[in-house]
>>> print(open('work.pdb').read())   # PDB, C-alpha atoms and all ligand atoms
MODEL        1
ATOM      1  CA  MET A  19      42.527  13.813  -2.486
ATOM      2  CA  ASN A  20      41.611  10.357  -1.478
ATOM      3  CA  ASN A  21      43.035  10.391   2.004
ATOM      4  CA  ARG A  22      41.570   7.797   4.220
ATOM      5  CA  ARG A  23      39.645   9.484   6.985
ATOM      6  CA  THR A  24      38.509   7.754  10.077
ATOM      7  CA  THR A  25      36.045   9.220  12.471
ATOM      8  CA  ILE A  26      37.320   9.018  15.985
ATOM      9  CA  THR A  27      34.556   9.765  18.378
ATOM     10  CA  HIS A  28      36.492  10.058  21.588
ATOM     11  CA  SER A  29      38.166  13.172  22.877
ATOM     12  CA  ILE A  30      41.862  13.594  22.262
ATOM     13  CA  ARG A  31      42.644  14.874  25.667
ATOM     14  CA  THR A  32      44.921  12.059  26.630
ATOM     15  CA  MET A  33      47.745  10.155  25.099
ATOM     16  CA  THR A  34      45.680   7.034  25.229
ATOM     17  CA  ALA A  35      43.390   8.615  22.688
ATOM     18  CA  PHE A  36      46.308   9.534  20.443
ATOM     19  CA  ALA A  37      47.628   6.028  20.692
ATOM     20  CA  ALA A  38      44.175   4.656  19.932
ATOM     21  CA  ALA A  39      43.975   6.880  16.856
ATOM     22  CA  LEU A  40      47.258   5.496  15.672
ATOM     23  CA  ALA A  41      46.253   1.915  16.352
ATOM     24  CA  ILE A  42      42.898   2.266  14.587
ATOM     25  CA  THR A  43      44.116   3.919  11.436
ATOM     26  CA  GLY A  44      47.728   2.953  10.962
ATOM     27  CA  CYS A  45      49.648   5.661   9.169
ATOM     28  CA  GLY A  46      48.606   8.164   6.535
ATOM     29  CA  THR A  47      47.144  11.620   6.468
ATOM     30  CA  ASN A  48      44.166  13.307   8.108
ATOM     31  CA  LEU A  49      43.788  10.681  10.774
ATOM     32  CA  LEU A  50      41.575  12.821  12.939
ATOM     33  CA  SER A  51      38.013  13.974  12.548
ATOM     34  CA  LYS A  52      37.387  17.700  12.242
ATOM     35  CA  ASN A  53      36.125  17.871  15.810
ATOM     36  CA  ASP A  54      39.227  16.161  17.123
ATOM     37  CA  GLU A  55      41.382  18.477  15.059
ATOM     38  CA  ILE A  56      39.631  21.487  16.625
ATOM     39  CA  LYS A  57      40.185  20.046  20.109
ATOM     40  CA  LEU A  58      43.850  19.391  19.428
ATOM     41  CA  GLY A  59      44.242  22.961  18.149
ATOM     42  CA  ARG A  60      42.614  24.376  21.269
ATOM     43  CA  GLN A  61      44.921  22.350  23.463
ATOM     44  CA  ALA A  62      47.951  23.594  21.564
ATOM     45  CA  ALA A  63      46.529  27.137  21.763
ATOM     46  CA  GLN A  64      46.626  26.970  25.566
ATOM     47  CA  GLY A  65      50.288  26.041  25.385
ATOM     48  CA  ILE A  66      51.142  28.801  22.883
ATOM     49  CA  GLU A  67      49.334  31.404  24.999
ATOM     50  CA  GLN A  68      51.101  30.223  28.164
ATOM     51  CA  LYS A  69      54.458  30.296  26.427
ATOM     52  CA  TYR A  70      54.279  33.727  24.779
ATOM     53  CA  GLY A  71      51.461  35.550  26.530
ATOM     54  CA  VAL A  72      48.587  37.239  24.716
ATOM     55  CA  SER A  73      49.065  40.946  24.088
ATOM     56  CA  ASN A  74      46.664  43.330  25.787
ATOM     57  CA  ASN A  75      47.537  46.198  23.468
ATOM     58  CA  PRO A  76      44.109  47.384  22.250
ATOM     59  CA  ALA A  77      45.371  48.899  18.981
ATOM     60  CA  ASP A  78      47.206  45.711  17.949
ATOM     61  CA  ASN A  79      44.314  43.478  18.962
ATOM     62  CA  ASN A  80      41.731  45.603  17.142
ATOM     63  CA  LEU A  81      43.826  45.627  13.997
ATOM     64  CA  VAL A  82      44.291  41.856  13.941
ATOM     65  CA  GLN A  83      40.640  41.234  14.839
ATOM     66  CA  ARG A  84      39.422  43.543  12.093
ATOM     67  CA  ILE A  85      41.606  41.893   9.455
ATOM     68  CA  GLY A  86      40.632  38.397  10.611
ATOM     69  CA  GLN A  87      36.907  39.169  10.566
ATOM     70  CA  LYS A  88      37.135  40.706   7.099
ATOM     71  CA  ILE A  89      38.956  37.659   5.735
ATOM     72  CA  MET A  90      36.327  35.381   7.249
ATOM     73  CA  ALA A  91      33.358  37.435   6.046
ATOM     74  CA  ALA A  92      34.578  37.546   2.448
ATOM     75  CA  ASN A  93      35.484  33.887   2.088
ATOM     76  CA  ASN A  94      33.796  30.576   2.461
ATOM     77  CA  LEU A  95      35.770  29.222   5.428
ATOM     78  CA  GLU A  96      34.683  26.275   7.467
ATOM     79  CA  TRP A  97      36.647  26.444  10.733
ATOM     80  CA  PRO A  98      35.991  28.371  13.964
ATOM     81  CA  PHE A  99      38.835  30.867  13.466
ATOM     82  CA  THR A 100      40.206  33.019  16.272
ATOM     83  CA  PHE A 101      42.778  35.789  15.870
ATOM     84  CA  LYS A 102      45.108  36.905  18.652
ATOM     85  CA  VAL A 103      48.348  38.821  19.136
ATOM     86  CA  LEU A 104      51.244  37.213  21.011
ATOM     87  CA  ASN A 105      53.551  39.260  23.160
ATOM     88  CA  ASP A 106      56.774  38.350  21.396
ATOM     89  CA  ARG A 107      59.272  40.230  19.249
ATOM     90  CA  SER A 108      59.613  37.490  16.624
ATOM     91  CA  VAL A 109      58.553  38.434  13.108
ATOM     92  CA  ASN A 110      56.214  35.521  12.886
ATOM     93  CA  ALA A 111      52.689  34.205  12.605
ATOM     94  CA  VAL A 112      51.432  30.760  13.398
ATOM     95  CA  SER A 113      48.208  28.860  12.910
ATOM     96  CA  LEU A 114      46.973  25.803  14.759
ATOM     97  CA  PRO A 115      44.675  23.023  13.579
ATOM     98  CA  GLY A 116      41.000  23.922  13.564
ATOM     99  CA  GLY A 117      41.225  27.703  13.702
ATOM    100  CA  PRO A 118      43.525  29.543  16.139
ATOM    101  CA  VAL A 119      45.673  32.090  14.269
ATOM    102  CA  TYR A 120      48.379  34.043  16.101
ATOM    103  CA  VAL A 121      50.255  37.127  15.004
ATOM    104  CA  PHE A 122      53.453  37.863  16.916
ATOM    105  CA  ARG A 123      53.851  41.459  18.033
ATOM    106  CA  GLY A 124      57.153  41.581  16.112
ATOM    107  CA  LEU A 125      55.284  41.001  12.849
ATOM    108  CA  ILE A 126      53.027  43.989  13.482
ATOM    109  CA  ASP A 127      56.085  46.117  14.304
ATOM    110  CA  ALA A 128      58.023  44.906  11.248
ATOM    111  CA  THR A 129      55.207  45.583   8.792
ATOM    112  CA  ALA A 130      55.129  49.138  10.126
ATOM    113  CA  GLY A 131      51.510  49.977   9.426
ATOM    114  CA  ASN A 132      51.342  48.244   6.036
ATOM    115  CA  VAL A 133      47.992  46.530   6.582
ATOM    116  CA  ASP A 134      48.121  44.741   3.203
ATOM    117  CA  GLU A 135      51.300  42.936   4.270
ATOM    118  CA  LEU A 136      49.863  41.930   7.620
ATOM    119  CA  ALA A 137      46.573  40.811   6.058
ATOM    120  CA  SER A 138      48.424  38.777   3.423
ATOM    121  CA  VAL A 139      50.446  36.933   6.057
ATOM    122  CA  MET A 140      47.312  36.298   8.128
ATOM    123  CA  ALA A 141      45.444  35.041   5.050
ATOM    124  CA  HIS A 142      48.352  32.671   4.379
ATOM    125  CA  GLU A 143      47.998  31.247   7.904
ATOM    126  CA  VAL A 144      44.213  30.971   7.484
ATOM    127  CA  ALA A 145      44.848  28.946   4.322
ATOM    128  CA  HIS A 146      47.069  26.473   6.216
ATOM    129  CA  VAL A 147      44.135  25.850   8.574
ATOM    130  CA  GLN A 148      41.536  25.693   5.822
ATOM    131  CA  HIS A 149      43.548  23.088   3.894
ATOM    132  CA  ARG A 150      44.358  21.091   7.064
ATOM    133  CA  HIS A 151      48.084  21.190   6.345
ATOM    134  CA  ALA A 152      49.047  20.635   9.985
ATOM    135  CA  ALA A 153      46.952  17.485  10.019
ATOM    136  CA  LYS A 154      49.285  15.910   7.493
ATOM    137  CA  GLN A 155      52.301  16.792   9.612
ATOM    138  CA  TYR A 156      50.959  15.739  12.976
ATOM    139  CA  SER A 157      49.684  12.555  11.449
ATOM    140  CA  GLN A 158      53.321  11.666  11.013
ATOM    141  CA  ALA A 159      55.218  13.741  13.538
ATOM    142  CA  VAL A 160      52.972  14.260  16.546
ATOM    143  CA  LEU A 161      51.281  10.921  16.516
ATOM    144  CA  THR A 162      54.569   9.116  15.982
ATOM    145  CA  ASP A 163      56.108  11.072  18.818
ATOM    146  CA  VAL A 164      53.169  10.297  21.067
ATOM    147  CA  ALA A 165      53.322   6.629  20.115
ATOM    148  CA  ILE A 166      57.012   6.488  21.020
ATOM    149  CA  GLN A 167      56.245   8.029  24.391
ATOM    150  CA  VAL A 168      53.480   5.563  24.981
ATOM    151  CA  GLY A 169      55.802   2.729  24.032
ATOM    152  CA  THR A 170      58.519   3.890  26.387
ATOM    153  CA  GLY A 171      56.109   4.748  29.190
ATOM    154  CA  GLY A 172      56.972   8.456  28.906
ATOM    155  CA  ALA A 173      55.067  11.240  30.596
ATOM    156  CA  VAL A 174      51.764  12.544  29.269
ATOM    157  CA  GLN A 175      52.235  15.376  26.811
ATOM    158  CA  THR A 176      51.514  18.780  28.231
ATOM    159  CA  ALA A 177      49.816  21.580  26.327
ATOM    160  CA  ALA A 178      53.230  23.273  26.199
ATOM    161  CA  GLN A 179      54.848  20.268  24.545
ATOM    162  CA  ILE A 180      52.076  20.017  21.980
ATOM    163  CA  ALA A 181      52.390  23.769  21.363
ATOM    164  CA  ASN A 182      56.119  23.393  20.745
ATOM    165  CA  LEU A 183      55.516  20.666  18.208
ATOM    166  CA  PHE A 184      53.227  22.950  16.239
ATOM    167  CA  ALA A 185      55.412  26.029  16.601
ATOM    168  CA  GLN A 186      58.348  24.096  15.138
ATOM    169  CA  MET A 187      56.353  22.435  12.401
ATOM    170  CA  SER A 188      57.392  23.095   8.836
ATOM    171  CA  PHE A 189      55.162  22.460   5.880
ATOM    172  CA  SER A 190      56.041  20.922   2.538
ATOM    173  CA  ARG A 191      56.812  23.191  -0.387
ATOM    174  CA  GLU A 192      53.572  22.124  -2.056
ATOM    175  CA  ASP A 193      51.567  23.111   1.015
ATOM    176  CA  GLU A 194      53.318  26.483   1.194
ATOM    177  CA  TYR A 195      52.468  27.166  -2.457
ATOM    178  CA  GLN A 196      48.865  26.224  -1.813
ATOM    179  CA  ALA A 197      48.730  28.496   1.251
ATOM    180  CA  ASP A 198      50.248  31.329  -0.806
ATOM    181  CA  SER A 199      47.652  30.908  -3.573
ATOM    182  CA  SER A 200      44.642  30.576  -1.303
ATOM    183  CA  GLY A 201      45.923  33.337   0.971
ATOM    184  CA  ILE A 202      46.229  35.678  -2.012
ATOM    185  CA  LYS A 203      42.603  34.924  -2.909
ATOM    186  CA  TYR A 204      41.331  35.338   0.665
ATOM    187  CA  ALA A 205      43.149  38.649   1.126
ATOM    188  CA  TYR A 206      42.011  40.064  -2.213
ATOM    189  CA  LYS A 207      38.385  39.059  -1.700
ATOM    190  CA  ALA A 208      38.510  40.734   1.726
ATOM    191  CA  GLY A 209      39.565  44.001   0.104
ATOM    192  CA  TYR A 210      43.316  43.907   0.693
ATOM    193  CA  ASP A 211      46.078  44.253  -1.883
ATOM    194  CA  PRO A 212      47.565  40.742  -2.174
ATOM    195  CA  ASN A 213      50.843  42.248  -3.382
ATOM    196  CA  GLY A 214      51.342  42.667   0.356
ATOM    197  CA  LEU A 215      52.535  39.054   0.410
ATOM    198  CA  VAL A 216      55.330  39.768  -2.075
ATOM    199  CA  GLU A 217      56.221  42.982  -0.264
ATOM    200  CA  PHE A 218      56.434  41.034   2.970
ATOM    201  CA  PHE A 219      58.669  38.357   1.403
ATOM    202  CA  ARG A 220      60.986  41.088   0.126
ATOM    203  CA  ARG A 221      60.993  42.695   3.555
ATOM    204  CA  LEU A 222      62.046  39.389   5.115
ATOM    205  CA  GLN A 223      64.843  39.018   2.587
ATOM    206  CA  ARG A 224      66.076  42.549   3.374
ATOM    207  CA  MET A 225      65.944  41.847   7.098
ATOM    208  CA  GLU A 226      67.932  38.666   6.675
ATOM    209  CA  LYS A 227      70.546  40.471   4.583
ATOM    210  CA  GLN A 228      70.829  43.195   7.203
ATOM    211  CA  GLY A 229      71.452  40.532   9.791
ATOM    212  CA  SER A 230      68.242  41.192  11.667
ATOM    213  CA  GLY A 231      67.230  37.689  10.675
ATOM    214  CA  ASN A 232      67.588  36.566  14.252
ATOM    215  CA  VAL A 233      64.204  38.113  14.994
ATOM    216  CA  ILE A 234      62.649  35.830  12.415
ATOM    217  CA  SER A 235      61.899  32.740  14.353
ATOM    218  CA  ASN A 236      61.712  29.220  13.171
ATOM    219  CA  ASN A 237      58.305  29.201  11.563
ATOM    220  CA  LEU A 238      58.666  31.792   8.831
ATOM    221  CA  ARG A 239      62.260  30.758   8.262
ATOM    222  CA  THR A 240      61.264  27.197   7.528
ATOM    223  CA  HIS A 241      58.655  28.369   5.046
ATOM    224  CA  PRO A 242      61.056  28.166   2.096
ATOM    225  CA  LEU A 243      61.530  31.764   0.982
ATOM    226  CA  THR A 244      63.119  31.346  -2.420
ATOM    227  CA  SER A 245      63.033  33.695  -5.402
ATOM    228  CA  SER A 246      61.004  31.107  -7.309
ATOM    229  CA  ARG A 247      58.389  31.242  -4.540
ATOM    230  CA  ILE A 248      58.210  35.027  -4.865
ATOM    231  CA  GLU A 249      57.971  34.857  -8.662
ATOM    232  CA  ARG A 250      55.288  32.252  -8.340
ATOM    233  CA  ALA A 251      53.317  34.439  -5.904
ATOM    234  CA  GLU A 252      53.495  37.350  -8.363
ATOM    235  CA  LYS A 253      52.052  35.195 -11.134
ATOM    236  CA  GLU A 254      49.332  33.884  -8.825
ATOM    237  CA  ILE A 255      48.377  37.434  -7.845
ATOM    238  CA  ALA A 256      47.904  38.401 -11.501
ATOM    239  CA  LYS A 257      45.856  35.276 -12.205
ATOM    240  CA  ILE A 258      43.726  35.335  -9.043
ATOM    241  CA  THR A 259      42.867  39.038  -9.114
ATOM    242  CA  GLN A 260      41.729  38.585 -12.723
ATOM    243  CA  THR A 261      39.524  35.627 -11.821
ATOM    244  CA  VAL A 262      37.995  37.384  -8.804
ATOM    245  CA  ASN A 263      37.363  40.538 -10.867
ATOM    246  CA  ALA A 264      35.602  38.476 -13.549
ATOM    247  CA  GLU A 265      33.446  36.827 -10.881
ATOM    248  CA  ARG A 266      32.545  40.223  -9.432
ATOM    249  CA  LYS A 267      31.634  41.549 -12.858
ATOM    250  CA  ALA A 268      29.409  38.545 -13.539
ATOM    251  CA  LEU A 269      27.637  39.123 -10.220
ATOM    252  CA  GLU A 270      27.124  42.807 -11.011
ATOM    253  CA  MET A 271      25.544  41.891 -14.339
ATOM    254  CA  ILE A 272      23.123  39.575 -12.555
ATOM    255  CA  ASP A 273      22.287  42.342 -10.072
ATOM    256  CA  ASP A 274      21.654  44.838 -12.878
ATOM    257  CA  LYS A 275      19.047  42.651 -14.520
TER     258      LYS A 275
HETATM  259 ZN    ZN B 301      53.196  28.841   5.507
ENDMDL
END
>>> encode(input="work.pdb", output="structure tokens")
Amino acid sequence: MNNRRTTITHSIRTMTAFAAALAITGCGTNLLSKNDEIKLGRQAAQGIEQKYGVSNNPADNNLVQRIGQKIMAANNLEWPFTFKVLNDRSVNAVSLPGGPVYVFRGLIDATAGNVDELASVMAHEVAHVQHRHAAKQYSQAVLTDVAIQVGTGGAVQTAAQIANLFAQMSFSREDEYQADSSGIKYAYKAGYDPNGLVEFFRRLQRMEKQGSGNVISNNLRTHPLTSSRIERAEKEIAKITQTVNAERKALEMIDDK
């Protein structure tokens, strides 16, 4: 990747800052520094939490926390991740730039105690953050939108508006494949069965066939769920588990010496 990165030292709390970012760097990807990306994610997180409400169910929260911490501990991740449950029936999960990961209550219900499925979906969202996929999208979408509003003298974007932009964001097919691959690795290294991802995809397909697809909100629906994506995930699982096992074996041999 040879994306042009520009360090923007000011806070991105206001539209002026967004507009400045656009003016300084023109168009392209990864316009924002990591710190600015984290700030933008936190702002969007406020909006998401206001919109859906954070669940206070201790069992759900403990489960999601435990999975999130295990994924973080087992992998070399460089963002300040947080893991929360949203009080909403959608079968969905969403991640925001710089670390916030949200599991909708409907996803926990739908996976019906299959922790490998839940962990695989969470690891997929973690991978979107790790690879800064949203940055590419908001470079084009959010910043363009903000620039238009600046140009037309529109109102300052609220946290809720920013949250909506992220909740409706869809990633490119390439980015989804990358998130699938990395997510499979993260989940497996953390001790989960990455076949949970494939099982979850199949579950979504069944739900859509049964007509309960209306509970699947925009985000997971726009992740293209094709049979080639599922086949690809199966191949990746075989390849990645083999690689990780070989790495583990090599480490054991070093330890034994
Ligand atoms: Zn995705």
>>> closest_residue(input="work.pdb", among="A:Gly201, A:Gly214, A:Gly59, A:Gly131", to="ligand ZN 301 (chain B)", atoms="all atoms listed in the file")
A:Gly201
>>> atom_distance(input="work.pdb", atom1="atom CA of A:Met225", atom2="atom CA of A:Tyr120")
21.2 Å
>>> closest_residue(input="work.pdb", among="A:Ser200, A:Thr244, A:Asn75, A:Gln61", to="A:Ile89", atoms="all atoms listed in the file")
A:Ser200
>>> resolve_selection(input="work.pdb", expression="the PyMOL selection byres (((not hetatm)) within 7 of (chain B and resi 301))", output="ChimeraX atom specification")
/A:142-143,146,189,194,197,241
>>> residues_around(input="work.pdb", residues="A:Gly209", least_positions_apart="2", cutoff="10 Å", atoms="all atoms listed in the file", output="ChimeraX atom specification")
/A:85,88-89,92,134,137,204-207,211-212
>>> write_last_selection(input="work.pdb", atoms="C-alpha atoms", output="PDB file, keeping the file's coordinate frame")
ATOM      1  CA  ILE A  85      41.606  41.893   9.455  1.00  0.00           C
ATOM      2  CA  LYS A  88      37.135  40.706   7.099  1.00  0.00           C
ATOM      3  CA  ILE A  89      38.956  37.659   5.735  1.00  0.00           C
ATOM      4  CA  ALA A  92      34.578  37.546   2.448  1.00  0.00           C
ATOM      5  CA  ASP A 134      48.121  44.741   3.203  1.00  0.00           C
ATOM      6  CA  ALA A 137      46.573  40.811   6.058  1.00  0.00           C
ATOM      7  CA  TYR A 204      41.331  35.338   0.665  1.00  0.00           C
ATOM      8  CA  ALA A 205      43.149  38.649   1.126  1.00  0.00           C
ATOM      9  CA  TYR A 206      42.011  40.064  -2.213  1.00  0.00           C
ATOM     10  CA  LYS A 207      38.385  39.059  -1.700  1.00  0.00           C
ATOM     11  CA  ASP A 211      46.078  44.253  -1.883  1.00  0.00           C
ATOM     12  CA  PRO A 212      47.565  40.742  -2.174  1.00  0.00           C
TER      13      PRO A 212
END
>>> atom_distance(input="work.pdb", atom1="atom CA of A:Lys52", atom2="atom CA of A:Val121")
23.5 Å
>>> resolve_selection(input="work.pdb", expression="the PyMOL selection byres (((chain A and resi 116) around 6) and not hetatm)", output="PyMOL selection string")
chain A and resi 55-56+59+97+115+117
>>> atom_distance(input="work.pdb", atom1="atom CA of A:Gly229", atom2="atom CA of A:Asp193")
27.9 Å
>>> axis_aligned_box(input="work.pdb", around="stretch 84-88 of chain A", padding_each_side="5 Å", output="JSON")
{"center_x": 39.3, "center_y": 41.0, "center_z": 9.6, "size_x": 14.7, "size_y": 15.1, "size_z": 15.0}
>>> closest_residue(input="work.pdb", among="A:Asn132, A:Asn105, A:Gly71, A:Pro118", to="A:Glu217", atoms="all atoms listed in the file")
A:Asn132
>>> build_atoms(input="work.pdb", residues="stretch 207-231 of chain A", atoms="N, CA and C atoms", output="PDB file, keeping the file's coordinate frame")
ATOM      1  N   LYS A 207      39.845  39.037  -1.850  1.00  0.00           N
ATOM      2  CA  LYS A 207      38.385  39.059  -1.700  1.00  0.00           C
ATOM      3  C   LYS A 207      37.965  39.898  -0.501  1.00  0.00           C
ATOM      4  N   ALA A 208      38.833  39.959   0.525  1.00  0.00           N
ATOM      5  CA  ALA A 208      38.510  40.734   1.726  1.00  0.00           C
ATOM      6  C   ALA A 208      38.840  42.213   1.563  1.00  0.00           C
ATOM      7  N   GLY A 209      39.330  42.580   0.372  1.00  0.00           N
ATOM      8  CA  GLY A 209      39.565  44.001   0.104  1.00  0.00           C
ATOM      9  C   GLY A 209      40.999  44.460   0.310  1.00  0.00           C
ATOM     10  N   TYR A 210      41.914  43.521   0.517  1.00  0.00           N
ATOM     11  CA  TYR A 210      43.316  43.907   0.693  1.00  0.00           C
ATOM     12  C   TYR A 210      44.087  43.703  -0.604  1.00  0.00           C
ATOM     13  N   ASP A 211      45.212  44.420  -0.722  1.00  0.00           N
ATOM     14  CA  ASP A 211      46.078  44.253  -1.883  1.00  0.00           C
ATOM     15  C   ASP A 211      46.980  43.040  -1.644  1.00  0.00           C
ATOM     16  N   PRO A 212      46.781  41.955  -2.426  1.00  0.00           N
ATOM     17  CA  PRO A 212      47.565  40.742  -2.174  1.00  0.00           C
ATOM     18  C   PRO A 212      49.044  40.885  -2.500  1.00  0.00           C
ATOM     19  N   ASN A 213      49.415  41.997  -3.178  1.00  0.00           N
ATOM     20  CA  ASN A 213      50.843  42.248  -3.382  1.00  0.00           C
ATOM     21  C   ASN A 213      51.558  42.420  -2.044  1.00  0.00           C
ATOM     22  N   GLY A 214      50.778  42.605  -0.993  1.00  0.00           N
ATOM     23  CA  GLY A 214      51.342  42.667   0.356  1.00  0.00           C
ATOM     24  C   GLY A 214      52.165  41.436   0.689  1.00  0.00           C
ATOM     25  N   LEU A 215      51.782  40.285   0.139  1.00  0.00           N
ATOM     26  CA  LEU A 215      52.535  39.054   0.410  1.00  0.00           C
ATOM     27  C   LEU A 215      53.946  39.156  -0.174  1.00  0.00           C
ATOM     28  N   VAL A 216      54.027  39.622  -1.410  1.00  0.00           N
ATOM     29  CA  VAL A 216      55.330  39.768  -2.075  1.00  0.00           C
ATOM     30  C   VAL A 216      56.168  40.830  -1.359  1.00  0.00           C
ATOM     31  N   GLU A 217      55.505  41.925  -0.992  1.00  0.00           N
ATOM     32  CA  GLU A 217      56.221  42.982  -0.264  1.00  0.00           C
ATOM     33  C   GLU A 217      56.773  42.447   1.050  1.00  0.00           C
ATOM     34  N   PHE A 218      55.978  41.605   1.704  1.00  0.00           N
ATOM     35  CA  PHE A 218      56.434  41.034   2.970  1.00  0.00           C
ATOM     36  C   PHE A 218      57.621  40.086   2.753  1.00  0.00           C
ATOM     37  N   PHE A 219      57.551  39.262   1.715  1.00  0.00           N
ATOM     38  CA  PHE A 219      58.669  38.357   1.403  1.00  0.00           C
ATOM     39  C   PHE A 219      59.948  39.169   1.170  1.00  0.00           C
ATOM     40  N   ARG A 220      59.812  40.258   0.414  1.00  0.00           N
ATOM     41  CA  ARG A 220      60.986  41.088   0.126  1.00  0.00           C
ATOM     42  C   ARG A 220      61.522  41.721   1.408  1.00  0.00           C
ATOM     43  N   ARG A 221      60.592  42.106   2.274  1.00  0.00           N
ATOM     44  CA  ARG A 221      60.993  42.695   3.555  1.00  0.00           C
ATOM     45  C   ARG A 221      61.805  41.674   4.379  1.00  0.00           C
ATOM     46  N   LEU A 222      61.327  40.437   4.385  1.00  0.00           N
ATOM     47  CA  LEU A 222      62.046  39.389   5.115  1.00  0.00           C
ATOM     48  C   LEU A 222      63.450  39.190   4.552  1.00  0.00           C
ATOM     49  N   GLN A 223      63.529  39.181   3.226  1.00  0.00           N
ATOM     50  CA  GLN A 223      64.843  39.018   2.587  1.00  0.00           C
ATOM     51  C   GLN A 223      65.793  40.158   2.977  1.00  0.00           C
ATOM     52  N   ARG A 224      65.246  41.388   2.980  1.00  0.00           N
ATOM     53  CA  ARG A 224      66.076  42.549   3.374  1.00  0.00           C
ATOM     54  C   ARG A 224      66.540  42.394   4.814  1.00  0.00           C
ATOM     55  N   MET A 225      65.606  41.988   5.677  1.00  0.00           N
ATOM     56  CA  MET A 225      65.944  41.847   7.098  1.00  0.00           C
ATOM     57  C   MET A 225      67.033  40.802   7.291  1.00  0.00           C
ATOM     58  N   GLU A 226      66.932  39.726   6.531  1.00  0.00           N
ATOM     59  CA  GLU A 226      67.932  38.666   6.675  1.00  0.00           C
ATOM     60  C   GLU A 226      69.300  39.150   6.193  1.00  0.00           C
ATOM     61  N   LYS A 227      69.294  39.917   5.108  1.00  0.00           N
ATOM     62  CA  LYS A 227      70.546  40.471   4.583  1.00  0.00           C
ATOM     63  C   LYS A 227      71.189  41.414   5.589  1.00  0.00           C
ATOM     64  N   GLN A 228      70.331  42.216   6.226  1.00  0.00           N
ATOM     65  CA  GLN A 228      70.829  43.195   7.203  1.00  0.00           C
ATOM     66  C   GLN A 228      71.269  42.523   8.498  1.00  0.00           C
ATOM     67  N   GLY A 229      71.039  41.233   8.582  1.00  0.00           N
ATOM     68  CA  GLY A 229      71.452  40.532   9.791  1.00  0.00           C
ATOM     69  C   GLY A 229      70.451  40.634  10.925  1.00  0.00           C
ATOM     70  N   SER A 230      69.262  41.171  10.618  1.00  0.00           N
ATOM     71  CA  SER A 230      68.242  41.192  11.667  1.00  0.00           C
ATOM     72  C   SER A 230      67.390  39.934  11.573  1.00  0.00           C
ATOM     73  N   GLY A 231      67.950  38.947  10.860  1.00  0.00           N
ATOM     74  CA  GLY A 231      67.230  37.689  10.675  1.00  0.00           C
ATOM     75  C   GLY A 231      67.006  36.929  11.968  1.00  0.00           C
TER      76      GLY A 231
END
